[in-house]
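J.: Could you have a look at this structure, given as structure tokens, before my questions?
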Amino acid sequence: MTPAARLQAAIEILDQVLAGDPAEKALTSWGRRSRFAGSKDRVAVRDHVFDAVRCMRSHAALGGSRTGRGLILGALREAGQDAEEFFTGQGHAPAPLSDAERAFPEPPEGAEALDIPDWLWPEFRGSLGDQAEAAALALRSRAPVHLRVNAARGTPEKAVKALAAEGIAAQPHPAAETALEVTEGARKLRNSKPYQDGLVELQDAASQAVTEQLPLQGGMKVLDYCAGGGGKTLAMAARAGIQCFAHDADPKRMKDLPERAARAGAKVALLPAADLASSAPFDLVLCDVPCSGSGSWRRAPEGKWNLTPGRLAGLQRIQAEILRKAARLTAPEGVLAYATCSMLDGENIEQVRRFTDENPEWELTGQKRWQVQDGTDGFYVAVLTRAKHG
Ligand SMILES: C[S@@+](CC[C@H](N)C(=O)[O-])C[C@H]1O[C@@H](n2cnc3c(N)ncnc32)[C@H](O)[C@@H]1O
């Protein structure tokens, strides 16, 4: 495919996304009907599509319309490229620009230029203060590829060497002891021996750092209450002597967890809701709650545009409910940990404050946040213990 044909493919896929299809689904159906596209074409088209979704507002403004053509035109203008070179109408290239498209619009400003929804900007700025612009700008670019080295299988040094032998360059990431950042060859990862053998897992460095903040000790009985695919379950289970349980309100989300645990050489027991109370108490309960995902909008940019004030309020109600339920499963001297991949105070410190105000027997004994402009996903973790009176 020529560069212009790749842009035309992205335009068609983006029109489907704007009509309501998830980007992954639109890309998959394009891939199926485009057998002629080679692997480099697929990667390039995918990058065009996700870049456009990350920068939907500003590129639509620069391109003069919220359409596939407008978004790609805006992307070319932002990159300082001459769109007429690609919009030629020849072969599979996009049709030539109309007079209206040729007119250069006013450049976007404020939240529009930063690709944050207007309604969210006050909360975003309130949460991130003087880092708000840097965070919003970071969310406009692609996320790095981070790996977690499975301590049960080897050291970071061993993993770096094993990856290098397969043409994948990686280096330690400062956010977590187990974290590596892939600097070259990321596309070879899933078929590589270190990945297939469970020496490395894909996981953002801050997500790994969350479990490093937990006071885990050998002999502890630990529950991952919102286990999902099990990223944090496995990170905890890799610690020696931990007895690990995983639960999720939607058990289908955990369907790959047994296989991932087997690959990692970890033991994890899945707990359905009916067995939670009889398996309690736990020494540590981690609640990696559903959230806006604002810290991972580089990886899942549609979340930025799908969030509404009503959805955010709904998520905050669920977060509060999860904390209340998980607290009841925690042993008297146990630890309750609360984590989000959000950078919004309303889902983080304010949520924890509401919980400790309503449940004064709990106190906040530690918290940490990671922000997207520092090179990881945005994350937050709070560690709560029962206050000792008298
Ligand atoms: C942020 S994801 C978890 C990600 C996972 N911990 C990981 O590291 O890969 C949140 C999970 O919470 C689950 N969830 C939503 N509401 C819940 C509830 N009321 N109780 C337990 N889990 C819930 C969702 O199904 C989802 O899998």
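We name chains A, B, ... following the order of the structure tokens; residues begin at 1 in each chain, and ligands are numbered from 1 as shown.
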Mind dumping a table of every chain A residue within 8 Å of ligand 1, with the nearest atom pair and its distance in Å to one decimal, using only C-alpha atoms and all ligand atoms, sorted by chain and rising number, as CSV?
T.:
residue,atom,partner,partner_atom_place_in_ligand_line,distance
A:Ser207,CA,ligand 1,8 (O),7.1
A:Asp224,CA,ligand 1,6 (N),7.2
A:Tyr225,CA,ligand 1,21 (C),5.6
A:Cys226,CA,ligand 1,22 (N),4.0
A:Ala227,CA,ligand 1,6 (N),4.1
A:Gly228,CA,ligand 1,27 (O),3.4
A:Gly229,CA,ligand 1,9 (O),4.5
A:Gly230,CA,ligand 1,9 (O),4.5
A:Gly231,CA,ligand 1,8 (O),3.8
A:Lys232,CA,ligand 1,8 (O),4.2
A:Thr233,CA,ligand 1,8 (O),6.8
A:His247,CA,ligand 1,21 (C),6.7
A:Asp248,CA,ligand 1,22 (N),4.1
A:Ala249,CA,ligand 1,22 (N),4.1
A:Asp250,CA,ligand 1,25 (O),4.7
A:Pro251,CA,ligand 1,25 (O),7.4
A:Arg253,CA,ligand 1,27 (O),5.6
A:Met254,CA,ligand 1,27 (O),7.6
A:Cys287,CA,ligand 1,6 (N),7.7
A:Asp288,CA,ligand 1,6 (N),5.0
A:Val289,CA,ligand 1,10 (C),4.7
A:Pro290,CA,ligand 1,10 (C),4.0
A:Cys291,CA,ligand 1,1 (C),6.5
A:Gly293,CA,ligand 1,1 (C),7.7
A:Ile318,CA,ligand 1,19 (N),6.2
A:Gln319,CA,ligand 1,19 (N),7.7
A:Glu321,CA,ligand 1,19 (N),7.0
A:Ile322,CA,ligand 1,19 (N),5.4
A:Thr340,CA,ligand 1,1 (C),6.6
A:Cys341,CA,ligand 1,1 (C),6.9
J.: Can I get the selected residues back with C-alpha atoms, as a short mmCIF file (atom, residue, chain, number, x, y, z; two decimals), in the first residue's frame?
T.:
data_model
loop_
_atom_site.label_atom_id
_atom_site.label_comp_id
_atom_site.auth_asym_id
_atom_site.auth_seq_id
_atom_site.Cartn_x
_atom_site.Cartn_y
_atom_site.Cartn_z
CA SER A 207 0.65 -0.83 37.39
CA ASP A 224 -7.60 -9.30 44.43
CA TYR A 225 -11.25 -8.19 44.59
CA CYS A 226 -11.43 -6.68 41.06
CA ALA A 227 -9.01 -9.07 39.37
CA GLY A 228 -10.09 -8.59 35.73
CA GLY A 229 -7.43 -10.15 33.46
CA GLY A 230 -5.27 -10.64 36.55
CA GLY A 231 -2.34 -8.28 35.89
CA LYS A 232 -2.06 -7.32 39.56
CA THR A 233 -3.06 -10.77 40.82
CA HIS A 247 -12.52 -12.33 42.30
CA ASP A 248 -14.34 -10.20 39.75
CA ALA A 249 -18.02 -9.22 39.55
CA ASP A 250 -17.78 -10.31 35.91
CA PRO A 251 -16.07 -13.73 36.11
CA ARG A 253 -12.99 -11.10 32.73
CA MET A 254 -10.86 -13.71 34.56
CA CYS A 287 -9.56 -3.15 45.10
CA ASP A 288 -8.31 -2.18 41.63
CA VAL A 289 -11.65 -0.55 40.94
CA PRO A 290 -13.37 0.26 37.64
CA CYS A 291 -12.61 3.91 36.86
CA GLY A 293 -9.24 5.03 32.94
CA ILE A 318 -19.45 1.74 42.23
CA GLN A 319 -15.99 2.56 43.67
CA GLU A 321 -19.65 0.40 47.10
CA ILE A 322 -16.63 -1.82 46.35
CA THR A 340 -7.27 3.23 40.07
CA CYS A 341 -5.71 3.93 36.68
#
J.: Find the residues of range 69-152 of chain A that sit at most 10 Å from range 44-53 of chain A; for each, write down the nearest two atoms and how far apart they are in Å, to one decimal. Count only C-alpha atoms. Sort by chain, then by number going up, and give it as a Markdown table.
T.:
| residue | atom | partner | partner_atom | distance |
| --- | --- | --- | --- | --- |
| A:Gly70 | CA | A:Ala52 | CA | 9.9 |
| A:Leu71 | CA | A:Ala52 | CA | 6.1 |
| A:Ile72 | CA | A:Ala52 | CA | 7.0 |
| A:Gly74 | CA | A:Ala52 | CA | 8.7 |
| A:Ala75 | CA | A:Ala52 | CA | 7.0 |
| A:Asp115 | CA | A:Val53 | CA | 9.7 |
| A:Arg140 | CA | A:Asp51 | CA | 7.5 |
| A:Ser141 | CA | A:Asp51 | CA | 7.1 |
| A:Arg142 | CA | A:Asp51 | CA | 7.4 |
J.: Which residues, written as a PyMOL selection string, have at least one atom at most 9 Å from Pro360 in chain A, with only C-alpha atoms counted and residues fewer than 4 positions away on the same chain left out?
T.: chain A and resi 355-356+386-387
J.: Just to be explicit: take each residue in the selection above, keep N, CA and C atoms, and write the result as a PDB file, in the first residue's frame.
T.:
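The resulting file, selection-v8.pdb, is reproduced below:
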ATOM      1  N   PHE A 355     -14.592   7.636  52.158  1.00  0.00           N
ATOM      2  CA  PHE A 355     -14.658   6.329  52.831  1.00  0.00           C
ATOM      3  C   PHE A 355     -14.198   6.460  54.290  1.00  0.00           C
ATOM      4  N   THR A 356     -13.078   7.131  54.520  1.00  0.00           N
ATOM      5  CA  THR A 356     -12.586   7.221  55.905  1.00  0.00           C
ATOM      6  C   THR A 356     -13.498   8.135  56.750  1.00  0.00           C
ATOM      7  N   ARG A 386      -6.912  -0.432  59.813  1.00  0.00           N
ATOM      8  CA  ARG A 386      -7.883  -0.053  60.843  1.00  0.00           C
ATOM      9  C   ARG A 386      -7.167   0.744  61.915  1.00  0.00           C
ATOM     10  N   ALA A 387      -7.755   1.876  62.264  1.00  0.00           N
ATOM     11  CA  ALA A 387      -7.135   2.750  63.262  1.00  0.00           C
ATOM     12  C   ALA A 387      -7.096   2.031  64.593  1.00  0.00           C
TER      13      ALA A 387
END
J.: Got a sec to tell me which of range 96-196 of chain A DSSP assigns to helix (DSSP H, G or I), as a PDB file with C-alpha atoms, in the first residue's frame?
T.:
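Final output, saved to selection_18.pdb:
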ATOM      1  CA  ASP A  99     -12.173  24.353  -1.671  1.00  0.00           C
ATOM      2  CA  ALA A 100     -13.759  24.235   1.793  1.00  0.00           C
ATOM      3  CA  GLU A 101     -11.179  21.680   2.988  1.00  0.00           C
ATOM      4  CA  ARG A 102      -8.342  23.746   1.536  1.00  0.00           C
ATOM      5  CA  GLY A 110      -7.343  25.568  25.374  1.00  0.00           C
ATOM      6  CA  ALA A 111      -9.004  22.221  26.133  1.00  0.00           C
ATOM      7  CA  GLU A 112      -9.712  21.713  22.414  1.00  0.00           C
ATOM      8  CA  ALA A 113      -5.995  21.927  21.583  1.00  0.00           C
ATOM      9  CA  LEU A 114      -5.191  19.679  24.552  1.00  0.00           C
ATOM     10  CA  ASP A 118     -14.593  20.841  27.990  1.00  0.00           C
ATOM     11  CA  TRP A 119     -16.755  19.500  30.832  1.00  0.00           C
ATOM     12  CA  LEU A 120     -13.801  17.512  32.221  1.00  0.00           C
ATOM     13  CA  TRP A 121     -11.125  20.210  31.963  1.00  0.00           C
ATOM     14  CA  PRO A 122     -11.910  21.910  35.335  1.00  0.00           C
ATOM     15  CA  GLU A 123     -11.647  18.576  37.209  1.00  0.00           C
ATOM     16  CA  PHE A 124      -8.571  17.537  35.198  1.00  0.00           C
ATOM     17  CA  ARG A 125      -6.845  20.860  35.932  1.00  0.00           C
ATOM     18  CA  GLY A 126      -7.977  20.786  39.573  1.00  0.00           C
ATOM     19  CA  SER A 127      -6.458  17.313  40.020  1.00  0.00           C
ATOM     20  CA  LEU A 128      -3.173  17.872  38.176  1.00  0.00           C
ATOM     21  CA  GLY A 129      -2.536  21.553  38.957  1.00  0.00           C
ATOM     22  CA  ASP A 130       0.441  22.976  37.080  1.00  0.00           C
ATOM     23  CA  GLN A 131       1.029  19.543  35.486  1.00  0.00           C
ATOM     24  CA  ALA A 132      -2.400  19.485  33.788  1.00  0.00           C
ATOM     25  CA  GLU A 133      -1.206  20.684  30.372  1.00  0.00           C
ATOM     26  CA  ALA A 134       1.794  18.342  30.381  1.00  0.00           C
ATOM     27  CA  ALA A 135      -0.483  15.417  31.295  1.00  0.00           C
ATOM     28  CA  ALA A 136      -3.033  16.276  28.605  1.00  0.00           C
ATOM     29  CA  LEU A 137      -0.256  16.583  26.017  1.00  0.00           C
ATOM     30  CA  ALA A 138       1.230  13.237  27.092  1.00  0.00           C
ATOM     31  CA  PRO A 156      15.475  -8.318  34.960  1.00  0.00           C
ATOM     32  CA  GLU A 157      19.065  -8.891  33.722  1.00  0.00           C
ATOM     33  CA  LYS A 158      18.190 -12.411  32.568  1.00  0.00           C
ATOM     34  CA  ALA A 159      15.047 -11.090  30.839  1.00  0.00           C
ATOM     35  CA  VAL A 160      16.947  -8.301  29.025  1.00  0.00           C
ATOM     36  CA  LYS A 161      19.423 -10.886  27.672  1.00  0.00           C
ATOM     37  CA  ALA A 162      16.721 -13.385  26.667  1.00  0.00           C
ATOM     38  CA  LEU A 163      14.785 -10.627  24.856  1.00  0.00           C
ATOM     39  CA  ALA A 164      17.926  -9.363  23.104  1.00  0.00           C
ATOM     40  CA  ALA A 186       7.970  -4.724  20.447  1.00  0.00           C
ATOM     41  CA  ARG A 187       6.037  -6.408  17.643  1.00  0.00           C
ATOM     42  CA  LYS A 188       8.090  -9.603  18.044  1.00  0.00           C
ATOM     43  CA  LEU A 189       7.198  -9.901  21.708  1.00  0.00           C
ATOM     44  CA  ARG A 190       4.127 -12.162  21.689  1.00  0.00           C
ATOM     45  CA  ASN A 191       5.908 -14.861  19.688  1.00  0.00           C
ATOM     46  CA  LYS A 193      10.395 -17.322  24.036  1.00  0.00           C
ATOM     47  CA  PRO A 194      10.673 -15.081  27.151  1.00  0.00           C
ATOM     48  CA  TYR A 195       6.988 -14.097  26.716  1.00  0.00           C
ATOM     49  CA  GLN A 196       5.758 -17.588  25.867  1.00  0.00           C
TER      50      GLN A 196
END
J.: What's around range 263-273 of chain A at 7 Å? Count only C-alpha atoms, leave out sequence neighbours fewer than 2 positions away in its own chain, and write the answer as an mmCIF file with N, CA and C atoms, in the first residue's frame.
T.:
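Written output follows (around-v6.cif):
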data_model
loop_
_atom_site.group_PDB
_atom_site.id
_atom_site.type_symbol
_atom_site.label_atom_id
_atom_site.label_comp_id
_atom_site.auth_asym_id
_atom_site.auth_seq_id
_atom_site.Cartn_x
_atom_site.Cartn_y
_atom_site.Cartn_z
ATOM 1 N N ASN A 150 8.815 -11.635 35.589
ATOM 2 C CA ASN A 150 8.243 -12.545 36.583
ATOM 3 C C ASN A 150 9.365 -13.062 37.485
ATOM 4 N N ASP A 197 7.302 -18.289 27.621
ATOM 5 C CA ASP A 197 7.693 -19.080 28.802
ATOM 6 C C ASP A 197 7.309 -18.397 30.117
ATOM 7 N N GLY A 198 6.701 -17.225 30.042
ATOM 8 C CA GLY A 198 6.260 -16.565 31.278
ATOM 9 C C GLY A 198 7.359 -15.834 32.023
ATOM 10 N N ALA A 237 1.058 -12.620 43.144
ATOM 11 C CA ALA A 237 1.306 -14.056 43.304
ATOM 12 C C ALA A 237 2.776 -14.404 43.070
ATOM 13 N N ALA A 238 3.494 -13.511 42.341
ATOM 14 C CA ALA A 238 4.914 -13.776 42.073
ATOM 15 C C ALA A 238 5.752 -13.610 43.344
ATOM 16 N N CYS A 244 -2.850 -16.555 47.097
ATOM 17 C CA CYS A 244 -3.540 -15.541 46.288
ATOM 18 C C CYS A 244 -4.915 -15.986 45.807
ATOM 19 N N PHE A 245 -5.930 -15.116 46.018
ATOM 20 C CA PHE A 245 -7.294 -15.368 45.557
ATOM 21 C C PHE A 245 -7.702 -14.243 44.604
ATOM 22 N N ALA A 246 -8.502 -14.603 43.590
ATOM 23 C CA ALA A 246 -8.949 -13.583 42.625
ATOM 24 C C ALA A 246 -10.461 -13.638 42.491
ATOM 25 N N HIS A 247 -11.065 -12.433 42.481
ATOM 26 C CA HIS A 247 -12.521 -12.328 42.302
ATOM 27 C C HIS A 247 -12.790 -11.204 41.312
ATOM 28 N N GLU A 259 -4.732 -19.696 32.728
ATOM 29 C CA GLU A 259 -3.665 -19.979 31.756
ATOM 30 C C GLU A 259 -2.461 -19.060 31.999
ATOM 31 N N ARG A 260 -2.747 -17.785 32.264
ATOM 32 C CA ARG A 260 -1.638 -16.853 32.528
ATOM 33 C C ARG A 260 -0.893 -17.258 33.795
ATOM 34 N N ALA A 261 -1.642 -17.689 34.804
ATOM 35 C CA ALA A 261 -1.010 -18.099 36.070
ATOM 36 C C ALA A 261 -0.131 -19.328 35.828
ATOM 37 N N ASP A 275 -18.686 -17.494 47.254
ATOM 38 C CA ASP A 275 -17.681 -18.056 48.171
ATOM 39 C C ASP A 275 -16.861 -16.986 48.896
ATOM 40 N N LEU A 276 -17.153 -15.722 48.617
ATOM 41 C CA LEU A 276 -16.298 -14.671 49.193
ATOM 42 C C LEU A 276 -16.357 -14.674 50.719
#
J.: Smallest atom-to-atom distance to Leu214 in chain A: which of A:Ala277, A:Val285, A:Ala313, A:Ile116, using only C-alpha atoms?
T.: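 Selected residue with least distance to Leu214 in chain A: A:Val285.
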J.: Quick one: residues within 6 Å of Ile242 in chain A, only C-alpha atoms, excluding same-chain residues fewer than 4 positions away - as a PyMOL selection string?
T.: chain A and resi 218-220
J.: Store the residues of this selection in a file with C-alpha atoms, as a PDB file, in the first residue's frame.
T.:
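Contents of result-v9.pdb, as written:
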ATOM      1  CA  GLY A 218       5.130 -14.297  53.097  1.00  0.00           C
ATOM      2  CA  GLY A 219       2.249 -16.275  54.609  1.00  0.00           C
ATOM      3  CA  MET A 220      -0.378 -13.608  53.804  1.00  0.00           C
TER       4      MET A 220
END
J.: Can you tell me, as a list of chain:residue names, what residues are no more than 8 Å from Pro108 in chain A when counting only C-alpha atoms, ignoring any on the same chain fewer than 6 positions away?
T.: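 Result of the neighbour search: A:Ser58, A:Ala61, A:Leu62.
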J.: How far is it from CA of Gln243 in chain A to CA of Lys221 in chain A, in Å with one decimal?
T.: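 Going from CA of Gln243 in chain A over to CA of Lys221 in chain A covers 4.8 Å.
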J.: By how many Å are CA of Phe86 in chain A and CA of Ala4 in chain A apart?
T.: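 Distance between the two atoms: 5.0 Å.
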J.: Enumerate, as a list in words, the complete set of residues in range 301-379 of chain A that a backbone-based DSSP assignment places in strand (DSSP E).
T.: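 Residues of range 301-379 of chain A classed as strand (DSSP E): Thr330, Ala331, Pro332, Glu333, Gly334, Val335, Leu336, Ala337, Tyr338, Ala339, Thr340, Trp362, Glu363, Leu364, Thr365, Gly366, Gln367, Lys368, Arg369, Trp370 and Phe379 of chain A.
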J.: Store the residues picked out above in a file with N, CA and C atoms, as a PDB file, in the first residue's frame.
T.:
ATOM      1  N   THR A 330     -11.946  -7.911  55.048  1.00  0.00           N
ATOM      2  CA  THR A 330     -10.565  -7.720  55.506  1.00  0.00           C
ATOM      3  C   THR A 330     -10.436  -8.096  56.985  1.00  0.00           C
ATOM      4  N   ALA A 331      -9.360  -8.793  57.319  1.00  0.00           N
ATOM      5  CA  ALA A 331      -9.129  -9.210  58.712  1.00  0.00           C
ATOM      6  C   ALA A 331      -8.978  -7.979  59.616  1.00  0.00           C
ATOM      7  N   PRO A 332      -9.257  -8.135  60.925  1.00  0.00           N
ATOM      8  CA  PRO A 332      -9.200  -6.975  61.852  1.00  0.00           C
ATOM      9  C   PRO A 332      -7.873  -6.210  61.782  1.00  0.00           C
ATOM     10  N   GLU A 333      -6.772  -6.931  61.642  1.00  0.00           N
ATOM     11  CA  GLU A 333      -5.467  -6.249  61.557  1.00  0.00           C
ATOM     12  C   GLU A 333      -5.020  -6.135  60.102  1.00  0.00           C
ATOM     13  N   GLY A 334      -5.968  -6.351  59.173  1.00  0.00           N
ATOM     14  CA  GLY A 334      -5.610  -6.460  57.755  1.00  0.00           C
ATOM     15  C   GLY A 334      -5.490  -5.111  57.050  1.00  0.00           C
ATOM     16  N   VAL A 335      -5.158  -5.203  55.776  1.00  0.00           N
ATOM     17  CA  VAL A 335      -4.909  -4.014  54.953  1.00  0.00           C
ATOM     18  C   VAL A 335      -5.912  -3.981  53.809  1.00  0.00           C
ATOM     19  N   LEU A 336      -6.473  -2.790  53.590  1.00  0.00           N
ATOM     20  CA  LEU A 336      -7.376  -2.574  52.468  1.00  0.00           C
ATOM     21  C   LEU A 336      -6.654  -1.631  51.506  1.00  0.00           C
ATOM     22  N   ALA A 337      -6.468  -2.085  50.264  1.00  0.00           N
ATOM     23  CA  ALA A 337      -5.751  -1.231  49.303  1.00  0.00           C
ATOM     24  C   ALA A 337      -6.721  -0.844  48.191  1.00  0.00           C
ATOM     25  N   TYR A 338      -6.639   0.424  47.781  1.00  0.00           N
ATOM     26  CA  TYR A 338      -7.563   0.960  46.782  1.00  0.00           C
ATOM     27  C   TYR A 338      -6.732   1.524  45.635  1.00  0.00           C
ATOM     28  N   ALA A 339      -6.981   1.061  44.413  1.00  0.00           N
ATOM     29  CA  ALA A 339      -6.167   1.531  43.283  1.00  0.00           C
ATOM     30  C   ALA A 339      -7.046   1.888  42.094  1.00  0.00           C
ATOM     31  N   THR A 340      -6.599   2.882  41.332  1.00  0.00           N
ATOM     32  CA  THR A 340      -7.266   3.227  40.069  1.00  0.00           C
ATOM     33  C   THR A 340      -6.190   3.505  39.017  1.00  0.00           C
ATOM     34  N   TRP A 362     -11.221   3.159  59.861  1.00  0.00           N
ATOM     35  CA  TRP A 362     -10.148   2.997  58.867  1.00  0.00           C
ATOM     36  C   TRP A 362      -9.335   4.278  58.752  1.00  0.00           C
ATOM     37  N   GLU A 363      -8.017   4.127  58.625  1.00  0.00           N
ATOM     38  CA  GLU A 363      -7.213   5.331  58.362  1.00  0.00           C
ATOM     39  C   GLU A 363      -6.273   5.110  57.182  1.00  0.00           C
ATOM     40  N   LEU A 364      -6.012   6.226  56.507  1.00  0.00           N
ATOM     41  CA  LEU A 364      -5.123   6.190  55.345  1.00  0.00           C
ATOM     42  C   LEU A 364      -3.692   6.164  55.859  1.00  0.00           C
ATOM     43  N   THR A 365      -2.951   5.090  55.537  1.00  0.00           N
ATOM     44  CA  THR A 365      -1.584   5.010  56.065  1.00  0.00           C
ATOM     45  C   THR A 365      -0.531   5.196  54.979  1.00  0.00           C
ATOM     46  N   GLY A 366      -0.970   5.284  53.723  1.00  0.00           N
ATOM     47  CA  GLY A 366      -0.008   5.552  52.654  1.00  0.00           C
ATOM     48  C   GLY A 366      -0.741   5.740  51.339  1.00  0.00           C
ATOM     49  N   GLN A 367      -0.191   6.582  50.480  1.00  0.00           N
ATOM     50  CA  GLN A 367      -0.767   6.715  49.141  1.00  0.00           C
ATOM     51  C   GLN A 367       0.316   7.187  48.183  1.00  0.00           C
ATOM     52  N   LYS A 368       0.117   6.883  46.919  1.00  0.00           N
ATOM     53  CA  LYS A 368       1.099   7.321  45.918  1.00  0.00           C
ATOM     54  C   LYS A 368       0.373   7.478  44.590  1.00  0.00           C
ATOM     55  N   ARG A 369       0.820   8.447  43.795  1.00  0.00           N
ATOM     56  CA  ARG A 369       0.248   8.541  42.452  1.00  0.00           C
ATOM     57  C   ARG A 369       1.349   8.648  41.411  1.00  0.00           C
ATOM     58  N   TRP A 370       1.042   8.125  40.237  1.00  0.00           N
ATOM     59  CA  TRP A 370       1.951   8.172  39.095  1.00  0.00           C
ATOM     60  C   TRP A 370       1.222   8.926  38.012  1.00  0.00           C
ATOM     61  N   PHE A 379      -1.641   6.325  37.593  1.00  0.00           N
ATOM     62  CA  PHE A 379      -2.174   5.364  38.561  1.00  0.00           C
ATOM     63  C   PHE A 379      -2.255   6.017  39.934  1.00  0.00           C
TER      64      PHE A 379
END
J.: Could you list, as a ChimeraX atom specification, every residue within 12 Å of His173 in chain A, counting only C-alpha atoms and ignoring same-chain residues fewer than 2 positions away?
T.: /A:144-149,156,160,170-171,175-183,203-206,208-209,374-376
